[in-house]
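K.L.:
Just so it is clear, I am handing over upload.cif, which has mmCIF, C-alpha atoms.
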data_run
loop_
_atom_site.label_atom_id
_atom_site.label_comp_id
_atom_site.auth_asym_id
_atom_site.auth_seq_id
_atom_site.Cartn_x
_atom_site.Cartn_y
_atom_site.Cartn_z
CA MET V 1 -80.65 45.82 -43.31
CA SER V 2 -77.61 45.00 -44.81
CA ARG V 3 -75.76 42.09 -43.94
CA ASN V 4 -72.23 42.31 -42.93
CA THR V 5 -70.38 40.41 -45.51
CA LYS V 6 -67.34 40.22 -43.52
CA THR V 7 -67.03 37.09 -41.51
CA ARG V 8 -65.80 37.54 -38.14
CA THR V 9 -62.64 35.71 -37.36
CA LYS V 10 -61.82 34.90 -33.88
CA LYS V 11 -58.28 35.30 -32.93
CA ARG V 12 -56.84 32.12 -31.76
CA PRO V 13 -54.21 32.28 -29.09
CA THR V 14 -50.79 31.47 -30.42
CA PRO V 15 -49.50 28.28 -28.96
CA VAL V 16 -46.63 28.68 -26.59
CA LYS V 17 -43.63 26.84 -27.89
CA PRO V 18 -41.87 24.80 -25.27
CA ALA V 19 -38.33 25.74 -24.54
CA THR V 20 -36.01 24.12 -26.96
CA LEU V 21 -34.46 21.07 -25.36
CA ARG V 22 -30.87 20.53 -26.14
CA ALA V 23 -29.17 17.21 -25.81
CA VAL V 24 -26.42 17.19 -23.26
CA LEU V 25 -23.20 16.34 -25.01
CA PRO V 26 -20.36 14.63 -23.21
CA VAL V 27 -17.59 16.93 -22.20
CA ARG V 28 -14.00 15.79 -22.43
CA PRO V 29 -12.39 16.05 -19.02
CA THR V 30 -9.54 18.50 -18.81
CA THR V 31 -7.75 16.50 -16.15
CA GLY V 32 -7.16 12.81 -15.85
CA PRO V 33 -6.73 10.21 -18.57
CA GLU V 34 -7.89 10.84 -22.10
CA PHE V 35 -10.84 8.96 -23.55
CA ILE V 36 -8.65 7.19 -26.08
CA SER V 37 -4.89 7.22 -25.87
CA GLU V 38 -2.41 7.16 -28.73
CA GLN V 39 -1.28 3.67 -27.68
CA GLN V 40 -4.85 2.34 -27.89
CA MET V 41 -5.30 3.73 -31.39
CA ALA V 42 -1.92 2.44 -32.51
CA ALA V 43 -2.65 -1.07 -31.16
CA ALA V 44 -6.08 -1.28 -32.79
CA TYR V 45 -4.70 -0.06 -36.11
CA ALA V 46 -1.68 -2.41 -36.00
CA ALA V 47 -3.90 -5.38 -35.08
CA ARG V 48 -6.08 -4.70 -38.09
CA LEU V 49 -3.07 -4.39 -40.41
CA HIS V 50 -1.55 -7.66 -39.18
CA GLY V 51 -4.72 -9.75 -39.52
CA LEU V 52 -5.36 -10.15 -35.80
CA PRO V 53 -8.92 -10.28 -34.40
CA LEU V 54 -10.85 -7.02 -34.71
CA ILE V 55 -10.68 -5.45 -31.28
CA PRO V 56 -12.36 -2.11 -30.52
CA ILE V 57 -10.05 0.75 -29.62
CA THR V 58 -11.54 1.07 -26.14
CA ALA V 59 -10.93 -2.63 -25.41
CA TRP V 60 -7.18 -1.97 -25.36
CA THR V 61 -6.51 -1.02 -21.73
CA PRO V 62 -3.35 0.92 -20.86
CA GLN V 63 -0.83 -0.86 -18.64
CA PRO V 64 1.70 0.73 -16.25
CA ASN V 65 4.64 -0.30 -18.46
CA SER V 66 3.42 1.89 -21.38
CA THR V 67 1.85 -1.02 -23.23
CA VAL V 68 -1.81 -1.78 -23.90
CA ARG V 69 -3.60 -5.10 -23.39
CA ALA V 70 -6.82 -6.53 -24.81
CA HIS V 71 -8.57 -9.59 -23.37
CA LEU V 72 -10.19 -12.06 -25.74
CA ALA V 73 -12.37 -15.12 -25.20
CA GLY V 74 -10.98 -18.20 -23.47
CA GLY V 75 -8.47 -16.38 -21.28
CA LEU V 76 -6.39 -15.23 -24.25
CA SER V 77 -4.98 -11.71 -24.17
CA LEU V 78 -2.84 -9.64 -26.50
CA THR V 79 -0.30 -7.02 -25.47
CA HIS V 80 0.95 -4.34 -27.83
CA GLY V 81 4.10 -2.39 -27.12
CA PRO V 82 7.02 -0.86 -28.97
CA ALA V 83 8.38 -4.35 -29.73
CA GLY V 84 5.10 -5.51 -31.32
CA PHE V 85 2.45 -7.94 -30.19
CA THR V 86 2.71 -10.63 -27.51
CA ALA V 87 0.07 -13.32 -27.07
CA HIS V 88 -0.66 -14.53 -23.54
CA THR V 89 -2.25 -17.95 -24.13
CA PRO V 90 -3.41 -20.17 -21.26
CA CYS V 91 -2.29 -23.78 -21.19
CA PRO V 92 -4.05 -26.76 -19.57
CA ASN V 93 -1.48 -26.83 -16.74
CA GLY V 94 -2.50 -23.42 -15.40
CA ALA V 95 0.25 -21.22 -16.83
CA HIS V 96 0.17 -18.54 -19.53
CA HIS V 97 2.58 -18.74 -22.46
CA HIS V 98 4.02 -15.41 -23.63
CA THR V 99 4.62 -15.70 -27.37
CA PRO V 100 5.69 -12.84 -29.66
CA ILE V 101 3.41 -12.76 -32.72
CA ALA V 102 3.42 -10.84 -35.98
CA ASN V 103 0.18 -11.93 -37.67
CA GLY V 104 -2.99 -13.99 -37.35
CA GLN V 105 -1.23 -17.26 -38.25
CA ASP V 106 1.32 -16.73 -35.46
CA LEU V 107 -1.57 -16.21 -33.04
CA ARG V 108 -3.26 -19.45 -34.13
CA ASN V 109 0.08 -21.30 -33.78
CA ALA V 110 0.56 -19.88 -30.25
CA ILE V 111 -2.94 -21.01 -29.23
CA THR V 112 -2.32 -24.51 -30.61
CA ALA V 113 1.09 -24.80 -28.92
CA ALA V 114 -0.36 -23.74 -25.57
CA ALA V 115 -3.24 -26.21 -25.88
CA ARG V 116 -0.77 -29.07 -26.49
CA CYS V 117 1.54 -28.08 -23.60
CA THR V 118 2.51 -30.90 -21.24
CA SER V 119 5.09 -29.02 -19.17
CA LEU V 120 4.55 -28.83 -15.40
CA HIS V 121 5.68 -25.15 -15.28
CA GLY V 122 7.85 -24.92 -12.19
CA GLN V 123 6.66 -28.03 -10.38
CA ALA V 124 9.21 -30.65 -9.38
CA ARG V 125 9.91 -32.79 -12.43
CA THR V 126 12.44 -35.26 -11.11
CA LEU V 127 12.57 -37.32 -7.96
CA THR V 128 15.40 -36.79 -5.54
CA LEU V 129 17.95 -39.56 -5.17
CA HIS V 130 16.44 -40.59 -1.83
CA GLN V 131 12.90 -40.79 -3.28
CA ALA V 132 14.07 -42.87 -6.22
CA ALA V 133 15.94 -45.32 -3.96
CA VAL V 134 12.89 -46.23 -1.84
CA THR V 135 11.89 -49.82 -2.54
CA ALA V 136 9.40 -52.28 -1.17
CA GLU V 137 11.99 -53.56 1.30
CA ASP V 138 12.29 -50.07 2.82
CA THR V 139 8.62 -49.89 3.68
CA GLN V 140 7.21 -51.49 6.81
CA THR V 141 3.89 -53.12 7.40
CA LEU V 142 1.69 -51.55 10.03
CA ASP V 143 1.76 -53.54 13.26
CA VAL V 144 -1.41 -52.64 15.19
CA ALA V 145 -0.40 -54.68 18.25
CA ALA V 146 2.82 -52.67 18.63
CA LEU V 147 0.88 -49.40 18.34
CA ARG V 148 -1.55 -50.49 21.06
CA ALA V 149 1.33 -51.54 23.35
CA ASP V 150 2.95 -48.13 22.85
CA HIS V 151 -0.34 -46.43 23.67
CA ASP V 152 -0.78 -48.45 26.90
CA HIS V 153 2.67 -47.36 28.12
CA ALA V 154 2.27 -43.70 27.22
CA GLN V 155 4.07 -41.23 29.45
CA PRO V 156 2.25 -38.32 31.11
CA HIS V 157 2.72 -34.80 29.81
CA PRO V 158 6.19 -33.50 30.71
CA THR V 159 5.13 -30.61 32.95
CA GLU V 160 8.46 -30.17 34.63
CA THR V 161 10.63 -30.21 31.51
CA THR V 162 8.69 -27.82 29.29
CA PRO V 163 9.96 -24.25 29.73
CA GLY V 164 7.19 -21.82 30.60
CA TYR V 165 4.59 -24.55 31.08
CA ASN V 166 4.07 -23.77 34.78
CA ILE V 167 3.72 -20.05 34.04
CA ALA V 168 1.08 -20.65 31.36
CA LEU V 169 -0.77 -23.12 33.62
CA ALA V 170 -0.81 -20.61 36.51
CA ALA V 171 -2.12 -17.85 34.19
CA ALA V 172 -4.89 -20.10 32.89
CA GLU V 173 -5.92 -21.08 36.42
CA ALA V 174 -5.94 -17.43 37.55
CA HIS V 175 -8.11 -16.49 34.59
CA GLY V 176 -10.48 -19.34 35.43
CA HIS V 177 -10.78 -18.24 39.06
CA ALA V 178 -11.40 -14.62 38.02
CA ALA V 179 -14.12 -15.68 35.58
CA ALA V 180 -15.79 -17.84 38.24
CA GLN V 181 -15.77 -14.96 40.77
CA HIS V 182 -17.20 -12.58 38.16
CA GLN V 183 -19.97 -15.05 37.39
CA GLU V 184 -20.83 -15.48 41.10
CA THR V 185 -21.12 -11.73 41.65
CA ASN V 186 -23.44 -11.29 38.66
CA GLN V 187 -25.88 -13.97 39.86
#
As structure tokens, how would this structure be written, given the file I've shared?
P.N.:
Amino acid sequence: MSRNTKTRTKKRPTPVKPATLRAVLPVRPTTGPEFISEQQMAAAYAARLHGLPLIPITAWTPQPNSTVRAHLAGGLSLTHGPAGFTAHTPCPNGAHHHTPIANGQDLRNAITAAARCTSLHGQARTLTLHQAAVTAEDTQTLDVAALRADHDHAQPHPTETTPGYNIALAAAEAHGHAAAQHQETNQ
């Protein structure tokens, strides 16, 4: 008996390769606003050239007046338009100062000036002539006895002299009677 020198090889099943998964790439919309506008790119590039804070391109939001605006920390915002940059810096009195700037030093100066602002921004700054003329002699002390005497002699409500008072009173009474009748029928 001869031995079979050949070794038997079993065929292994070939593994089934899973379907190739492809990553879904974002598709640029054909309608509507672009992902990044020319104004946003121009503002980010100009800010970098002028030594202003590094602001990502997408942080510059388009405005209706064909400018772009970026908001920074502390309520500060920058606007870029054809005329250049404008800093909108908040002041302690609640207003925003609009300062044209050309570089980082101008921005720091605008922030400092707004922080030191003492203007009331539209509130009345001067007293009228009548307010300034009021003195201690013009004021009166409160006389409680006179107030009580006036209260004791108070007049009744002027029903006859008020136009439309009787009509309103009659309507209120009619409504009250109707509500009372409705309540009686439901009980």
K.L.:
What is the CA of His88 (chain V)-CA of Gly75 (chain V) distance in Å, reported with one decimal?
P.N.:
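That distance, rounded to one decimal, is 8.3 Å.
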K.L.:
To one decimal in Å, tell me the separation between CA of Ala59 (chain V) and CA of Ala46 (chain V).
P.N.:
14.1 Å
K.L.:
At a cut-off of 8 Å, using all atoms listed in the file, what residues contact region 89-102 of chain V? Leave out same-chain residues fewer than 6 positions from it and give the result as a ChimeraX atom specification.
P.N.:
/V:50,75-77,110-111,114-121
K.L.:
For those residues, write C-alpha atoms to a file as a PDB file, in the frame of the given file.
P.N.:
ATOM      1  CA  HIS V  50      -1.550  -7.660 -39.180  1.00  0.00           C
ATOM      2  CA  GLY V  75      -8.470 -16.380 -21.280  1.00  0.00           C
ATOM      3  CA  LEU V  76      -6.390 -15.230 -24.250  1.00  0.00           C
ATOM      4  CA  SER V  77      -4.980 -11.710 -24.170  1.00  0.00           C
ATOM      5  CA  ALA V 110       0.560 -19.880 -30.250  1.00  0.00           C
ATOM      6  CA  ILE V 111      -2.940 -21.010 -29.230  1.00  0.00           C
ATOM      7  CA  ALA V 114      -0.360 -23.740 -25.570  1.00  0.00           C
ATOM      8  CA  ALA V 115      -3.240 -26.210 -25.880  1.00  0.00           C
ATOM      9  CA  ARG V 116      -0.770 -29.070 -26.490  1.00  0.00           C
ATOM     10  CA  CYS V 117       1.540 -28.080 -23.600  1.00  0.00           C
ATOM     11  CA  THR V 118       2.510 -30.900 -21.240  1.00  0.00           C
ATOM     12  CA  SER V 119       5.090 -29.020 -19.170  1.00  0.00           C
ATOM     13  CA  LEU V 120       4.550 -28.830 -15.400  1.00  0.00           C
ATOM     14  CA  HIS V 121       5.680 -25.150 -15.280  1.00  0.00           C
TER      15      HIS V 121
END
K.L.:
Applied to the shown file, which residues does the PyMOL selection byres ((chain V and resi 85) around 12) return, written as a PyMOL selection string?
P.N.:
chain V and resi 42-44+46-47+50-52+67-70+77-84+86-88+98-104+106-107
K.L.:
Kindly give the distance, in Å, that separates CA of Gln40 (chain V) and CA of Ala113 (chain V), rounded to a single decimal.
P.N.:
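That distance, rounded to one decimal, is 27.8 Å.
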K.L.:
Find, counting all atoms listed in the file, the residue in V:Tyr45, V:Glu38, V:Ala73, V:Ala174 that gets nearest to Thr61 (chain V).
P.N.:
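Comparing V:Tyr45, V:Glu38, V:Ala73, V:Ala174 against Thr61 (chain V), the winner is V:Glu38.
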K.L.:
Counting only C-alpha atoms, figure out which residue out of V:Asn65, V:Lys10, V:His71, V:Thr58 gets nearest to Ser37 (chain V).
P.N.:
V:Thr58
